[in-house]
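Notes follow once the structure below has been shown.
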Amino acid sequence: MVMWRSRTTAPNCFAARIAEVTYLGEDLHLSLDLAGRESLRAALKNARAARGLGTAQAVEIIVDPDDIRILHR
């Protein structure tokens with residue numbers, strides 16, 4: 001998953017708002033709210049670019065279908 005802070009027209013691109021940020025050492029877990037009351041969780045490395053992400057921030061995500069892992073509740 002790639003996160004952008006500006007508008008893009010890439011395929012599999014979704015607007016989202018960060019609902020929660022959890023720092024876990026070198027990993028960063030995000031709860032994202034999408035349009036239509038959908039939500040998802042994302043995990044990414046806590047790289048320098050990711051450190052600027054915060055709660056309530058609007059972002060766009062680009063999802064590579066090969067990176068998706070569906071977890072059952």
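By order of appearance in the structure tokens: chains A, B, ..., then residues from 1 within every chain, and ligands from 1 in the order shown.
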
Please provide as a PyMOL selection string all residues within 12 Å of region 36-41 of chain A, with the sequence filter that same-chain residues fewer than 5 positions apart are discarded (counting only C-alpha atoms). chain A and resi 1+14-22+28-31+61+63+68-71

Quick one: of A:Pro65, A:Tyr23, A:Asn12, A:Arg73, who's nearest to Ala50 (chain A), counting only C-alpha atoms? A:Tyr23

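When CA of Gln57 (chain A) is paired with CA of Gly25 (chain A), their separation reads 21.3 Å.
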
Among the residues of chain A, find those DSSP assigns to strand (DSSP E) from the backbone and print them as a PDB file with C-alpha atoms, in the first residue's frame.
```pdb
ATOM      1  CA  VAL A   2       1.231   3.437  -0.881  1.00  0.00           C
ATOM      2  CA  MET A   3      -0.131   6.511   0.873  1.00  0.00           C
ATOM      3  CA  TRP A   4      -0.323   9.925  -0.764  1.00  0.00           C
ATOM      4  CA  CYS A  13      -6.896   4.545  -5.406  1.00  0.00           C
ATOM      5  CA  PHE A  14      -9.145   5.387  -2.445  1.00  0.00           C
ATOM      6  CA  ALA A  15      -9.618   8.491  -0.335  1.00  0.00           C
ATOM      7  CA  ALA A  16      -9.346   7.784   3.387  1.00  0.00           C
ATOM      8  CA  ARG A  17      -9.079   9.509   6.746  1.00  0.00           C
ATOM      9  CA  ILE A  18      -6.781   8.211   9.460  1.00  0.00           C
ATOM     10  CA  ALA A  19      -8.900   7.206  12.464  1.00  0.00           C
ATOM     11  CA  GLU A  20      -6.132   5.809  14.666  1.00  0.00           C
ATOM     12  CA  VAL A  21      -2.343   5.510  14.613  1.00  0.00           C
ATOM     13  CA  THR A  22      -0.491   2.883  16.651  1.00  0.00           C
ATOM     14  CA  TYR A  23       3.289   2.915  16.800  1.00  0.00           C
ATOM     15  CA  LEU A  24       4.789  -0.528  17.369  1.00  0.00           C
ATOM     16  CA  ASP A  27       5.889  -0.899  12.444  1.00  0.00           C
ATOM     17  CA  LEU A  28       3.049   1.566  12.168  1.00  0.00           C
ATOM     18  CA  HIS A  29      -0.581   0.361  12.261  1.00  0.00           C
ATOM     19  CA  LEU A  30      -3.312   2.601  10.898  1.00  0.00           C
ATOM     20  CA  SER A  31      -7.088   2.394  11.139  1.00  0.00           C
ATOM     21  CA  LEU A  32      -8.479   4.076   8.030  1.00  0.00           C
ATOM     22  CA  ASP A  33     -12.034   5.264   7.407  1.00  0.00           C
ATOM     23  CA  LEU A  34     -13.113   5.118   3.769  1.00  0.00           C
ATOM     24  CA  SER A  39     -12.877   0.896   7.104  1.00  0.00           C
ATOM     25  CA  LEU A  40      -9.649  -1.016   6.902  1.00  0.00           C
ATOM     26  CA  ARG A  41      -6.429  -1.567   8.825  1.00  0.00           C
ATOM     27  CA  ALA A  42      -3.012  -1.032   7.312  1.00  0.00           C
ATOM     28  CA  ALA A  43       0.457  -1.890   8.542  1.00  0.00           C
ATOM     29  CA  LEU A  44       3.566  -0.236   7.199  1.00  0.00           C
ATOM     30  CA  LYS A  45       7.147   0.322   8.230  1.00  0.00           C
ATOM     31  CA  ALA A  58      -6.936  12.943   4.973  1.00  0.00           C
ATOM     32  CA  VAL A  59      -4.854  10.647   2.762  1.00  0.00           C
ATOM     33  CA  GLU A  60      -5.236   8.648  -0.417  1.00  0.00           C
ATOM     34  CA  ILE A  61      -4.164   5.037  -0.555  1.00  0.00           C
ATOM     35  CA  ILE A  62      -3.141   2.994  -3.568  1.00  0.00           C
TER      36      ILE A  62
END
```
